[in-house]
$ cat protein-v4.cif   # mmCIF, C-alpha atoms
data_my_file
#
loop_
_atom_site.label_atom_id
_atom_site.label_comp_id
_atom_site.auth_asym_id
_atom_site.auth_seq_id
_atom_site.Cartn_x
_atom_site.Cartn_y
_atom_site.Cartn_z
CA MET C 1 110.25 88.22 67.33
CA SER C 2 110.55 91.88 68.25
CA ILE C 3 110.81 93.00 71.85
CA THR C 4 110.10 96.34 73.52
CA VAL C 5 112.18 97.23 76.55
CA LEU C 6 112.54 100.20 78.87
CA ASP C 7 115.50 102.56 79.09
CA PRO C 8 117.30 101.78 82.38
CA THR C 9 119.10 105.10 82.70
CA ASN C 10 118.21 108.55 83.95
CA GLU C 11 119.67 111.99 83.74
CA PRO C 12 120.66 114.39 86.50
CA ILE C 13 117.82 116.64 87.58
CA LYS C 14 118.42 119.98 85.96
CA THR C 15 117.95 123.01 88.13
CA ALA C 16 117.96 126.48 86.68
CA PHE C 17 120.61 128.79 88.04
CA GLU C 18 122.40 131.91 86.99
CA MET C 19 126.12 132.30 86.99
CA ALA C 20 127.39 134.90 89.43
CA THR C 21 128.75 138.07 87.93
CA ARG C 22 132.50 137.81 87.54
CA PRO C 23 134.42 140.59 89.31
CA GLU C 24 136.78 142.58 87.14
CA THR C 25 139.28 142.89 89.94
CA LEU C 26 139.92 141.15 93.24
CA LYS C 27 140.98 144.36 94.93
CA GLY C 28 139.07 144.98 98.14
CA LEU C 29 136.99 141.80 97.86
CA VAL C 30 136.52 139.01 100.38
CA LEU C 31 137.31 135.51 99.16
CA GLY C 32 135.66 132.32 100.39
CA LEU C 33 137.91 129.27 100.48
CA ILE C 34 136.37 125.79 100.60
CA ASP C 35 138.62 122.86 101.23
CA ASN C 36 137.13 119.41 100.91
CA GLY C 37 138.58 118.02 104.12
CA LYS C 38 141.14 115.77 102.51
CA LYS C 39 144.78 115.73 103.45
CA ASN C 40 146.59 118.94 102.48
CA SER C 41 143.44 120.52 101.10
CA ASP C 42 143.53 123.16 103.86
CA TYR C 43 147.15 123.89 103.11
CA LEU C 44 146.53 124.15 99.36
CA VAL C 45 143.59 126.55 99.47
CA LYS C 46 145.23 128.67 102.17
CA LYS C 47 148.32 129.07 100.01
CA ILE C 48 146.21 130.09 97.05
CA GLY C 49 144.33 132.57 99.22
CA ASP C 50 147.60 134.04 100.51
CA ARG C 51 148.93 134.44 96.99
CA LEU C 52 145.77 136.15 95.78
CA ARG C 53 145.84 138.51 98.73
CA GLU C 54 149.50 139.26 98.20
CA HIS C 55 149.33 139.88 94.48
CA HIS C 56 145.77 141.01 93.81
CA GLY C 57 144.78 143.07 96.83
CA LEU C 58 142.10 140.88 98.41
CA GLU C 59 140.59 142.42 101.50
CA GLY C 60 140.26 139.13 103.36
CA ALA C 61 139.40 135.46 103.19
CA ILE C 62 137.01 133.11 104.97
CA HIS C 63 138.09 129.50 105.18
CA VAL C 64 135.52 126.70 105.27
CA ARG C 65 136.54 123.08 105.78
CA LYS C 66 134.00 120.45 104.78
CA PRO C 67 133.50 117.81 107.48
CA SER C 68 133.55 115.15 104.76
CA PRO C 69 134.77 115.25 101.16
CA SER C 70 131.81 113.04 100.23
CA HIS C 71 129.18 115.51 101.26
CA ALA C 72 128.15 118.97 100.15
CA VAL C 73 129.16 122.11 102.06
CA PRO C 74 126.95 122.30 105.17
CA GLU C 75 124.08 124.73 104.79
CA ASP C 76 125.19 127.13 107.53
CA ALA C 77 128.67 127.35 106.00
CA ALA C 78 127.20 127.93 102.55
CA ARG C 79 125.02 130.69 103.96
CA GLU C 80 128.00 132.34 105.64
CA LEU C 81 129.91 132.27 102.37
CA ALA C 82 126.95 133.75 100.49
CA GLU C 83 126.55 136.55 103.03
CA LYS C 84 130.16 137.47 103.74
CA THR C 85 132.17 136.82 100.61
CA ASP C 86 132.30 138.22 97.10
CA LEU C 87 133.62 135.12 95.41
CA VAL C 88 134.41 131.55 96.38
CA LEU C 89 137.16 129.14 95.47
CA ALA C 90 136.49 125.43 95.93
CA GLY C 91 139.67 123.39 96.24
CA ILE C 92 140.48 119.75 96.52
CA GLY C 93 143.41 118.01 98.06
CA ASP C 94 144.64 114.47 98.45
CA MET F 1 99.04 99.38 79.99
CA SER F 2 102.05 101.44 81.05
CA GLN F 3 100.42 102.27 84.42
CA GLY F 4 102.42 105.42 84.92
CA LEU F 5 105.76 104.23 83.58
CA VAL F 6 107.68 107.10 82.07
CA SER F 7 110.84 105.41 80.78
CA GLU F 8 111.47 105.57 77.07
CA LYS F 9 110.40 102.42 75.25
CA ILE F 10 112.90 100.95 72.83
CA GLU F 11 112.01 98.30 70.27
CA TYR F 12 114.52 95.71 69.09
CA GLU F 13 114.18 92.99 66.49
CA SER F 14 114.90 90.27 69.02
CA PRO F 15 115.82 89.77 72.68
CA GLU F 16 119.38 89.02 71.54
CA ASP F 17 119.53 92.40 69.82
CA ALA F 18 118.35 94.07 73.02
CA VAL F 19 121.03 92.34 75.09
CA GLU F 20 123.75 93.23 72.60
CA THR F 21 122.65 96.86 72.30
CA PHE F 22 122.62 97.24 76.08
CA PHE F 23 126.28 96.20 76.02
CA GLN F 24 127.04 98.75 73.34
CA LYS F 25 125.27 101.52 75.18
CA GLY F 26 127.26 100.83 78.36
CA TRP F 27 124.16 99.86 80.33
CA THR F 28 125.53 96.65 81.80
CA ASP F 29 128.23 95.64 84.27
CA GLY F 30 130.01 93.76 81.52
CA LEU F 31 127.74 90.73 81.72
CA PRO F 32 124.55 90.09 79.74
CA VAL F 33 121.32 91.42 81.23
CA VAL F 34 117.71 90.31 81.16
CA PRO F 35 115.79 92.63 78.79
CA PRO F 36 113.58 94.84 80.99
CA THR F 37 110.12 94.56 79.52
CA GLU F 38 107.19 96.58 80.78
CA ARG F 39 105.43 93.45 81.99
CA LYS F 40 108.34 92.39 84.16
CA VAL F 41 108.89 95.88 85.57
CA LEU F 42 105.23 96.20 86.51
CA ALA F 43 105.39 92.80 88.24
CA PHE F 44 108.34 94.01 90.34
CA LEU F 45 106.58 97.22 91.31
CA GLY F 46 103.44 95.28 92.15
CA THR F 47 105.34 92.88 94.42
CA ALA F 48 106.82 95.74 96.38
CA GLY F 49 103.59 97.75 96.35
CA LEU F 50 105.33 100.77 94.89
CA ALA F 51 104.15 103.45 92.50
CA PRO F 52 106.58 103.97 89.61
CA ASP F 53 107.35 107.55 90.62
CA GLU F 54 108.05 106.83 94.27
CA ILE F 55 111.50 108.11 95.13
CA LEU F 56 113.56 105.46 96.88
CA GLY F 57 116.77 107.43 97.20
CA ALA F 58 119.18 109.86 95.65
CA ILE F 59 122.72 111.10 95.36
CA PRO F 60 122.12 114.79 96.03
CA GLU F 61 125.71 115.77 95.21
CA ARG F 62 125.04 114.61 91.63
CA ASN F 63 121.38 115.63 91.34
CA ARG F 64 120.57 111.97 90.76
CA VAL F 65 117.31 110.41 91.95
CA PHE F 66 116.37 106.74 92.15
CA THR F 67 112.69 106.22 91.34
CA ALA F 68 111.00 102.88 91.96
CA GLU F 69 110.45 102.46 88.22
CA LYS F 70 114.11 102.89 87.32
CA VAL F 71 115.29 100.71 90.19
CA ALA F 72 112.83 98.00 89.11
CA ILE F 73 114.14 98.14 85.53
CA ASN F 74 117.68 97.59 86.78
CA ALA F 75 116.59 94.80 89.13
CA VAL F 76 114.94 93.02 86.19
CA MET F 77 118.13 93.44 84.19
CA ALA F 78 120.17 91.96 87.05
CA GLY F 79 118.11 88.77 86.87
CA CYS F 80 116.14 89.24 90.09
CA LEU F 81 112.83 87.52 90.70
CA PRO F 82 109.96 89.88 91.60
CA GLU F 83 110.00 88.68 95.20
CA TYR F 84 113.61 89.82 95.58
CA PHE F 85 112.66 93.38 94.71
CA PRO F 86 111.71 94.55 98.24
CA VAL F 87 115.22 93.59 99.35
CA VAL F 88 116.71 95.66 96.53
CA VAL F 89 114.39 98.53 97.49
CA ALA F 90 115.57 98.40 101.11
CA ALA F 91 119.18 98.36 99.96
CA VAL F 92 118.65 101.41 97.73
CA ARG F 93 116.93 103.24 100.58
CA GLY F 94 119.76 102.32 102.93
CA ILE F 95 122.63 103.49 100.75
CA SER F 96 120.78 106.75 100.15
CA ARG F 97 120.84 107.71 103.80
CA PRO F 98 123.22 110.65 104.33
CA GLU F 99 125.42 108.81 106.82
CA PHE F 100 126.25 106.18 104.20
CA GLY F 101 127.91 108.87 102.06
CA LEU F 102 127.03 107.21 98.77
CA HIS F 103 128.64 109.85 96.57
CA GLY F 104 132.08 109.17 98.02
CA VAL F 105 131.57 105.44 98.38
CA SER F 106 130.67 105.06 94.71
CA ALA F 107 133.29 107.48 93.37
CA SER F 108 136.39 106.84 95.44
CA THR F 109 139.63 105.58 93.96
CA ALA F 110 139.60 103.14 96.89
CA GLY F 111 137.19 101.03 94.86
CA THR F 112 135.03 99.87 97.72
CA GLY F 113 132.12 97.51 97.13
CA ILE F 114 128.84 97.64 98.99
CA LEU F 115 128.37 94.59 101.18
CA ILE F 116 124.71 93.67 101.70
CA VAL F 117 123.96 91.48 104.71
CA VAL F 118 120.39 90.18 104.84
CA ASN F 119 118.89 89.15 108.17
CA GLY F 120 115.47 88.01 109.31
CA PRO F 121 112.77 85.68 107.98
CA VAL F 122 113.15 86.87 104.41
CA SER F 123 116.58 85.24 104.14
CA GLN F 124 115.13 81.76 104.33
CA GLU F 125 112.00 82.58 102.35
CA LEU F 126 113.98 83.89 99.42
CA GLY F 127 116.76 81.33 99.70
CA ILE F 128 119.52 83.86 100.28
CA ASN F 129 122.69 81.90 100.85
CA SER F 130 124.31 82.03 104.27
CA GLY F 131 126.24 78.80 103.92
CA GLN F 132 128.67 77.05 101.63
CA ASN F 133 130.34 79.22 99.01
CA LEU F 134 128.99 82.24 100.85
CA MET F 135 130.52 84.95 98.68
CA ALA F 136 130.94 82.91 95.51
CA PRO F 137 128.79 82.41 92.41
CA GLY F 138 125.93 79.98 92.19
CA ASN F 139 122.94 81.31 94.11
CA ARG F 140 120.46 83.43 92.23
CA ALA F 141 119.19 85.57 95.11
CA ASN F 142 122.65 86.57 96.32
CA ALA F 143 123.99 87.09 92.82
CA THR F 144 121.14 89.17 91.46
CA ILE F 145 120.26 91.28 94.51
CA GLY F 146 123.86 92.45 94.80
CA ARG F 147 124.12 92.93 91.06
CA ALA F 148 120.94 95.02 91.00
CA LEU F 149 122.50 97.49 93.42
CA ARG F 150 125.55 97.91 91.20
CA LEU F 151 123.43 98.40 88.07
CA VAL F 152 121.43 101.05 89.95
CA LEU F 153 124.65 102.85 90.81
CA TYR F 154 125.93 102.66 87.26
CA ASN F 155 122.77 103.40 85.31
CA LEU F 156 121.13 105.81 87.73
CA GLY F 157 123.95 107.14 89.89
CA GLY F 158 126.29 107.83 86.97
CA ARG F 159 128.96 105.26 86.19
CA GLU F 160 131.33 108.01 85.09
CA PHE F 161 131.83 108.91 88.74
CA ASP F 162 133.41 105.56 89.61
CA ARG F 163 137.14 106.26 89.65
CA SER F 164 138.33 103.07 91.38
CA THR F 165 142.01 102.36 91.03
CA LEU F 166 141.53 98.60 91.34
CA GLY F 167 137.97 97.96 92.47
CA HIS F 168 137.25 94.42 93.64
CA PRO F 169 135.06 91.51 92.52
CA GLY F 170 132.43 92.38 95.11
CA LYS F 171 131.54 95.34 92.95
CA TYR F 172 129.77 92.90 90.61
CA THR F 173 127.69 91.56 93.46
CA PHE F 174 128.24 91.39 97.23
CA CYS F 175 125.20 90.04 99.00
CA ILE F 176 125.15 87.48 101.81
CA SER F 177 122.87 86.35 104.58
CA GLU F 178 123.76 85.60 108.19
CA GLN F 179 123.08 82.14 109.58
CA GLU F 180 120.73 81.73 112.48
CA SER F 181 122.65 80.64 115.55
CA ARG F 182 122.80 81.15 119.30
CA TRP F 183 124.46 84.48 118.60
CA GLU F 184 122.49 87.67 118.36
CA PRO F 185 121.83 88.45 114.69
CA LEU F 186 123.53 91.46 113.15
CA HIS F 187 120.29 93.38 112.57
CA VAL F 188 119.27 92.89 116.21
CA MET F 189 122.64 94.20 117.39
CA ARG F 190 121.89 97.21 115.20
CA GLY F 191 118.53 97.95 116.75
CA GLN F 192 116.01 95.92 114.75
CA ALA F 193 113.56 93.37 116.13
CA LYS F 194 114.50 89.74 115.53
CA GLU F 195 111.36 89.06 113.48
CA THR F 196 112.07 92.05 111.26
CA SER F 197 113.79 91.41 107.96
CA ALA F 198 116.51 93.93 107.25
CA VAL F 199 119.55 94.67 105.14
CA THR F 200 122.79 96.04 106.52
CA LEU F 201 124.90 97.95 104.02
CA PHE F 202 128.60 98.48 104.49
CA ALA F 203 131.19 100.06 102.20
CA ALA F 204 133.81 97.35 102.29
CA GLU F 205 137.06 96.19 100.82
CA GLY F 206 137.14 92.69 99.43
CA PRO F 207 137.15 89.77 101.87
CA ASN F 208 140.44 88.86 103.55
CA GLN F 209 140.30 85.14 104.30
CA VAL F 210 141.66 84.03 107.67
CA GLN F 211 142.43 80.34 108.06
CA ASN F 212 143.19 78.59 111.28
CA HIS F 213 142.70 74.84 111.23
CA SER F 214 144.73 73.95 114.27
CA ALA F 215 143.60 76.29 117.03
CA LEU F 216 141.09 74.83 119.42
CA LYS F 217 141.02 77.77 121.80
CA PRO F 218 138.79 80.78 121.03
CA GLU F 219 141.59 83.21 121.83
CA ASN F 220 143.91 81.58 119.30
CA ILE F 221 141.32 81.80 116.52
CA LEU F 222 140.62 85.43 117.34
CA ASN F 223 144.32 86.27 117.57
CA THR F 224 144.64 85.06 113.98
CA MET F 225 141.74 87.26 112.94
CA ALA F 226 143.15 90.25 114.83
CA ASP F 227 146.45 89.80 113.03
CA ARG F 228 144.72 90.25 109.68
CA MET F 229 142.68 93.19 110.96
CA ARG F 230 145.75 95.18 111.96
CA ALA F 231 147.33 95.24 108.49
CA LEU F 232 148.96 98.59 107.75
CA GLY F 233 147.46 99.11 104.32
CA SER F 234 143.80 99.53 105.22
CA PHE F 235 141.95 102.67 106.27
CA ASN F 236 141.32 101.06 109.64
CA MET F 237 144.80 101.23 111.10
CA GLY F 238 145.20 104.62 112.65
CA GLY F 239 141.83 105.74 111.36
CA ASP F 240 138.28 105.50 112.60
CA VAL F 241 136.45 103.08 110.36
CA GLU F 242 134.15 100.12 110.91
CA PHE F 243 135.20 96.56 110.13
CA ALA F 244 133.12 93.58 108.96
CA VAL F 245 134.11 90.19 110.36
CA ILE F 246 132.62 86.89 109.20
CA ILE F 247 133.06 83.95 111.54
CA CYS F 248 132.64 80.58 109.82
CA PRO F 249 130.57 77.79 111.44
CA GLU F 250 133.56 75.72 112.58
CA HIS F 251 135.19 78.70 114.27
CA TYR F 252 131.78 79.64 115.68
CA GLU F 253 131.40 76.17 117.20
CA THR F 254 134.70 76.57 119.03
CA LEU F 255 133.69 80.02 120.26
CA ILE F 256 130.15 79.14 121.31
CA SER F 257 131.27 75.93 123.01
CA ALA F 258 133.30 78.14 125.31
CA GLU F 259 130.28 80.44 125.77
CA TRP F 260 131.72 83.34 123.82
CA SER F 261 129.03 85.86 122.86
CA LYS F 262 129.24 88.23 119.92
CA LYS F 263 129.97 91.06 122.33
CA GLY F 264 132.79 89.06 123.86
CA VAL F 265 134.29 88.45 120.43
CA GLN F 266 133.94 92.13 119.52
CA GLU F 267 135.66 93.21 122.71
CA TYR F 268 138.49 90.74 122.27
CA LEU F 269 139.12 91.75 118.66
CA PHE F 270 138.92 95.42 119.65
CA GLU F 271 141.68 94.84 122.20
CA LYS F 272 143.91 92.67 120.05
CA ALA F 273 143.60 94.28 116.62
CA CYS F 274 146.19 96.96 117.29
CA ARG F 275 149.78 97.81 116.51
CA PRO F 276 152.37 100.37 117.60
CA LEU F 277 152.34 103.91 116.28
CA ALA F 278 155.95 103.24 115.32
CA ASP F 279 154.76 100.84 112.60
CA LEU F 280 152.62 103.51 111.01
CA LYS F 281 155.56 105.89 111.04
CA ARG F 282 157.81 103.28 109.44
CA GLY F 283 155.17 102.83 106.76
CA GLY F 284 154.98 106.57 106.18
CA LEU F 285 151.29 106.50 107.05
CA ASN F 286 152.11 108.89 109.83
CA GLU F 287 154.71 111.38 108.66
CA ALA F 288 155.90 112.53 112.08
CA PRO F 289 159.40 111.41 113.09
CA LEU F 290 159.82 108.39 115.35
CA VAL F 291 160.10 109.39 118.99
CA PRO F 292 160.64 107.43 122.20
CA GLY F 293 157.37 105.84 123.26
CA ASP F 294 156.10 105.13 119.74
CA GLU F 295 156.73 101.40 120.19
CA GLU F 296 154.48 101.41 123.24
CA THR F 297 151.74 103.68 121.87
CA MET F 298 149.16 101.30 120.42
CA LEU F 299 146.65 102.21 117.70
CA ARG F 300 143.55 100.12 117.10
CA ALA F 301 141.85 98.87 113.96
CA VAL F 302 138.49 100.06 115.29
CA SER F 303 137.71 102.78 117.78
CA SER F 304 135.18 100.75 119.78
CA PRO F 305 134.03 97.10 119.93
CA ASP F 306 130.62 97.81 118.41
CA ARG F 307 132.29 99.11 115.26
CA ILE F 308 132.97 95.51 114.33
CA LEU F 309 130.06 94.19 112.25
CA LEU F 310 130.14 90.56 113.36
CA ILE F 311 128.44 87.99 111.14
CA MET F 312 128.24 84.20 111.40
CA ALA F 313 128.09 82.55 107.99
CA GLY F 314 129.79 80.15 105.61
CA GLY F 315 129.99 76.44 104.84
CA VAL F 316 129.91 73.83 107.59
CA ALA F 317 133.30 72.44 106.58
CA GLY F 318 136.51 74.42 106.82
CA ARG F 319 137.98 76.75 109.38
CA PHE F 320 138.06 79.84 107.18
CA SER F 321 136.71 83.11 108.48
CA ALA F 322 137.15 86.53 106.89
CA CYS F 323 137.36 90.23 107.56
CA MET F 324 136.62 93.26 105.42
CA PRO F 325 138.08 96.65 106.23
CA GLY F 326 135.89 99.69 105.80
CA TRP F 327 136.19 102.75 103.64
CA PHE F 328 137.99 105.98 104.56
CA ASN F 329 136.46 107.12 107.86
CA ARG F 330 133.20 107.12 109.76
CA HIS F 331 132.58 110.80 109.05
CA MET F 332 132.32 109.94 105.38
CA SER F 333 130.52 106.62 105.54
CA ARG F 334 128.94 104.48 108.21
CA ALA F 335 127.18 101.13 107.93
CA VAL F 336 123.39 101.43 107.85
CA THR F 337 120.64 98.93 108.59
CA GLU F 338 117.36 99.31 106.73
CA PRO F 339 114.20 97.29 107.40
CA ILE F 340 112.74 95.51 104.40
CA GLY F 341 109.35 96.95 103.56
CA PRO F 342 105.98 95.55 104.55
CA SER F 343 105.23 94.29 101.07
CA CYS F 344 108.09 91.84 101.30
CA LYS F 345 106.82 88.44 102.35
CA GLY F 346 108.09 87.77 105.83
CA GLY F 347 109.31 91.30 106.42
CA THR F 348 107.82 93.83 108.77
#

$ encode --input "protein-v4.cif" --output "structure tokens"
Amino acid sequence: MSITVLDPTNEPIKTAFEMATRPETLKGLVLGLIDNGKKNSDYLVKKIGDRLREHHGLEGAIHVRKPSPSHAVPEDAARELAEKTDLVLAGIGD
Amino acid sequence: MSQGLVSEKIEYESPEDAVETFFQKGWTDGLPVVPPTERKVLAFLGTAGLAPDEILGAIPERNRVFTAEKVAINAVMAGCLPEYFPVVVAAVRGISRPEFGLHGVSASTAGTGILIVVNGPVSQELGINSGQNLMAPGNRANATIGRALRLVLYNLGGREFDRSTLGHPGKYTFCISEQESRWEPLHVMRGQAKETSAVTLFAAEGPNQVQNHSALKPENILNTMADRMRALGSFNMGGDVEFAVIICPEHYETLISAEWSKKGVQEYLFEKACRPLADLKRGGLNEAPLVPGDEETMLRAVSSPDRILLIMAGGVAGRFSACMPGWFNRHMSRAVTEPIGPSCKGGT
């Protein structure tokens, strides 16, 4: 006896987006640093930012700490990063 | 016939083939499922009064959405009866609230389960167990409502995100009901009307059983509970996380005979579930060096009495209560209480 059943799974909703243009050099650019709020995440992304500034001539960096690793970057912080930075590095720590 | 269902239909030669193929496709929790036929799914949606495309919740960080149709399919698979479905719906709505932090809860290496506590008239109407063998197998409503939530997370939320180091058995199913007593029910303490049926969802470790068969004084029973609550290895000690505490009927009788209210119990446990900062430093949970005063500086398991979710439940025999630490911290996940929808018999 055949049986017809329904697929219980779904797929993530796909949203169209374009990749940002990759800079050819970091010289004179402002870097956004997102740490996920876990232990040492702030330390890790700050160190990376310092190294990039030291060796690749970054103009500056803006540090954003997520209030919770479980949640997305708050909208106002995301807007600030979009307006004031040229590229963003998202880091994790644990 | 499909009445708006959009899920792909798959034909198998027999129900056994369907069950086996679901295993192979990774669509189960490791146990056999009930094949989700269109007829059954429509019956579930009809019971809850939901259109198939109604969105019950989501995990926005993963671009995952839970439609009523897909949740119903997974509830059928879990073995639910149609009348259980409004409870599952409320649970899915609850865990999707931002403060529950579902993305982290369902991905964390900490392997937390999601405790479902059902209160209100629906508990009795659906036969949700609040008594003997409270958290153990044997009762269909408890087993399948909790299981449905896990199948939703795996099949709709993305099982690949679950990175639990150990997990715990409550991740198969973790649904209980609170007994009616002279104590204020959990959902009332959390702002619902007594006649409302509601689910409270809490990201919890597995249950830590606390036995005390000799104490006849409330304080002695609660001191035993507080001792378990202040264990070093949970997120609660030194953090800011909620705690679930289940008081069994025999312990409850001792407490209520001495006129202890739930609030009184919460306040007592809040005071007693603490330990010196020095202990955390010795455990390396606080990396600062030991300094004079650390033995006297006390840290608590919860940051206020109302962060203890106090539940009365369990079998009439035995002086075994339990506690369940929470997950990570309250900024990442907080317990939520969600009313069960109007279509659920007995709910409001």

$ resolve_selection --input "protein-v4.cif" --expression "the PyMOL selection byres ((chain F) within 8 of (chain C))" --output "number ranges by chain"
F: 7-15, 18, 27, 35-38, 61-65, 70, 73-74, 101-105, 155-156, 331-332

$ resolve_selection --input "protein-v4.cif" --expression "the PyMOL selection byres ((chain F and resi 325-327) around 6)" --output "mmCIF file with C-alpha atoms, in the coordinates of the input"
data_model
loop_
_atom_site.group_PDB
_atom_site.id
_atom_site.type_symbol
_atom_site.label_atom_id
_atom_site.label_comp_id
_atom_site.auth_asym_id
_atom_site.auth_seq_id
_atom_site.Cartn_x
_atom_site.Cartn_y
_atom_site.Cartn_z
ATOM 1 C CA ALA F 203 131.190 100.060 102.200
ATOM 2 C CA ALA F 204 133.810 97.350 102.290
ATOM 3 C CA GLU F 205 137.060 96.190 100.820
ATOM 4 C CA VAL F 241 136.450 103.080 110.360
ATOM 5 C CA GLU F 242 134.150 100.120 110.910
ATOM 6 C CA PHE F 243 135.200 96.560 110.130
ATOM 7 C CA MET F 324 136.620 93.260 105.420
ATOM 8 C CA PHE F 328 137.990 105.980 104.560
#

$ atom_distance --input "protein-v4.cif" --atom1 "CA of Ile176 in chain F" --atom2 "CA of Ile128 in chain F"
6.9 Å

$ resolve_selection --input "protein-v4.cif" --expression "the PyMOL selection byres ((chain C and resi 41) around 12)" --output "list in words"
Leu33, Ile34, Asp35, Asn36, Gly37, Lys38, Lys39, Asn40, Asp42, Tyr43, Leu44, Val45, Lys46, Lys47, Ile48, His63, Val64, Arg65, Lys66, Ser68, Pro69, Ala90, Gly91, Ile92, Gly93 and Asp94 of chain C

$ closest_residue --input "protein-v4.cif" --among "C:Val30, C:Glu83, C:Leu89, C:Ala20" --to "His56 in chain C" --atoms "only C-alpha atoms"
C:Val30

$ closest_residue --input "protein-v4.cif" --among "C:His55, C:Ile62, C:Phe17, C:Gly28" --to "Glu80 in chain C" --atoms "all atoms listed in the file"
C:Ile62

$ residues_around --input "protein-v4.cif" --residues "range 184-191 of chain F" --least-positions-apart "4" --cutoff "8 Å" --atoms "all atoms listed in the file" --output "ChimeraX atom specification"
/F:119-120,178,180,198-200,262,309-311,337

$ atom_distance --input "protein-v4.cif" --atom1 "CA of Leu115 in chain F" --atom2 "CA of Cys80 in chain F"
17.4 Å
